[in-house]
Amino acid sequence: MLIVDKIAKEIVDQLANGSQRNETGKAVLERLSQEYGRPLDVVMDDQQGMVFGVLSGNQGGITEYVPPAENELLKQRLVEVTKTFIHEQLI
């Protein structure tokens, strides 16, 4: 496993387990939100694992959860976006 893969896994795990967001985690989630077209947050669910939700602009909390098929795509894309972000920071 490459160092970039290890770092990406740590960042994704931190996002999923609800740890306090550092600047890298915030930036990665912001990029994913921009791609998705709506503000996203991620939470860990005991049964489903990592689950993405859409944030409300006014209330700040999750107002709806992403459908399961989209959720799986977002999980994959989160890893890709995280790796890209890390590569950019290393260059």
# chains A, B, ... in the order shown; residues from 1 in each chain; ligands from 1
$ closest_atom_pairs --of "range 29-54 of chain A" --to "range 61-72 of chain A" --cutoff "6 Å" --atoms "only C-alpha atoms" --output "tab-separated table"
residue	atom	partner	partner_atom	distance
A:Phe52	CA	A:Val66	CA	5.7
A:Gly53	CA	A:Tyr65	CA	4.1
A:Val54	CA	A:Ile62	CA	5.4
$ residues_around --residues "Val28 in chain A" --least-positions-apart "5" --cutoff "10 Å" --atoms "only C-alpha atoms" --output "list in words"
Ile11, Val12, Leu15, Glu23, Ser33, Gln34, Leu78, Val79, Glu80, Val81, Thr82, Lys83, Thr84, Phe85 and Ile86 of chain A
$ write_last_selection --atoms "C-alpha atoms" --output "mmCIF file, in the first residue's frame"
data_model
loop_
_atom_site.group_PDB
_atom_site.id
_atom_site.type_symbol
_atom_site.label_atom_id
_atom_site.label_comp_id
_atom_site.auth_asym_id
_atom_site.auth_seq_id
_atom_site.Cartn_x
_atom_site.Cartn_y
_atom_site.Cartn_z
ATOM 1 C CA ILE A 11 -8.753 10.778 6.274
ATOM 2 C CA VAL A 12 -11.788 8.820 5.056
ATOM 3 C CA LEU A 15 -14.634 11.622 8.221
ATOM 4 C CA GLU A 23 -8.716 21.297 7.195
ATOM 5 C CA SER A 33 -20.041 18.307 -2.328
ATOM 6 C CA GLN A 34 -19.190 20.513 -5.307
ATOM 7 C CA LEU A 78 -14.592 10.114 -1.666
ATOM 8 C CA VAL A 79 -11.538 7.862 -1.735
ATOM 9 C CA GLU A 80 -10.578 9.079 -5.223
ATOM 10 C CA VAL A 81 -11.040 12.754 -4.321
ATOM 11 C CA THR A 82 -9.017 12.256 -1.142
ATOM 12 C CA LYS A 83 -6.128 10.638 -3.027
ATOM 13 C CA THR A 84 -6.148 13.428 -5.615
ATOM 14 C CA PHE A 85 -6.119 16.054 -2.871
ATOM 15 C CA ILE A 86 -3.166 14.376 -1.154
#
$ select_by_dssp --residues "chain A" --states "helix (DSSP H, G or I)" --output "short mmCIF file (atom, residue, chain, number, x, y, z; two decimals) with C-alpha atoms, in the first residue's frame"
data_model
loop_
_atom_site.label_atom_id
_atom_site.label_comp_id
_atom_site.auth_asym_id
_atom_site.auth_seq_id
_atom_site.Cartn_x
_atom_site.Cartn_y
_atom_site.Cartn_z
CA ILE A 3 1.74 6.17 1.57
CA VAL A 4 -0.93 8.17 -0.29
CA ASP A 5 -3.34 5.24 0.09
CA LYS A 6 -2.62 5.02 3.82
CA ILE A 7 -3.16 8.75 4.31
CA ALA A 8 -6.35 8.67 2.25
CA LYS A 9 -7.68 5.77 4.31
CA GLU A 10 -6.99 7.65 7.54
CA ILE A 11 -8.75 10.78 6.27
CA VAL A 12 -11.79 8.82 5.06
CA ASP A 13 -11.94 6.91 8.36
CA GLN A 14 -11.80 10.20 10.30
CA LEU A 15 -14.63 11.62 8.22
CA ALA A 16 -16.73 8.51 8.68
CA GLU A 23 -8.72 21.30 7.20
CA THR A 24 -7.93 18.38 4.88
CA GLY A 25 -11.14 16.55 5.74
CA LYS A 26 -13.17 19.72 5.26
CA ALA A 27 -11.52 20.43 1.90
CA VAL A 28 -12.10 16.88 0.63
CA LEU A 29 -15.75 16.89 1.68
CA GLU A 30 -16.20 20.32 0.09
CA ARG A 31 -14.80 19.03 -3.22
CA LEU A 32 -17.09 16.03 -3.13
CA SER A 33 -20.04 18.31 -2.33
CA GLN A 34 -19.19 20.51 -5.31
CA GLU A 35 -19.11 17.49 -7.59
CA TYR A 36 -22.41 16.23 -6.20
CA PRO A 68 -28.09 3.53 -1.35
CA ALA A 69 -26.85 3.29 -4.96
CA GLU A 70 -25.61 6.89 -4.92
CA ASN A 71 -24.13 6.35 -1.47
CA GLU A 72 -21.92 3.53 -2.79
CA LEU A 73 -20.72 5.72 -5.67
CA LEU A 74 -20.00 8.58 -3.26
CA LYS A 75 -17.93 6.27 -1.03
CA GLN A 76 -15.76 5.34 -4.00
CA ARG A 77 -15.54 8.91 -5.17
CA LEU A 78 -14.59 10.11 -1.67
CA VAL A 79 -11.54 7.86 -1.74
CA GLU A 80 -10.58 9.08 -5.22
CA VAL A 81 -11.04 12.75 -4.32
CA THR A 82 -9.02 12.26 -1.14
CA LYS A 83 -6.13 10.64 -3.03
CA THR A 84 -6.15 13.43 -5.62
CA PHE A 85 -6.12 16.05 -2.87
CA ILE A 86 -3.17 14.38 -1.15
CA HIS A 87 -1.22 14.16 -4.43
CA GLU A 88 -1.83 17.87 -5.02
CA GLN A 89 -0.57 18.70 -1.54
CA LEU A 90 2.60 16.66 -2.02
#
$ select_by_dssp --residues "chain A" --states "strand (DSSP E)" --output "PyMOL selection string"
chain A and resi 40-45+49-55+62-65
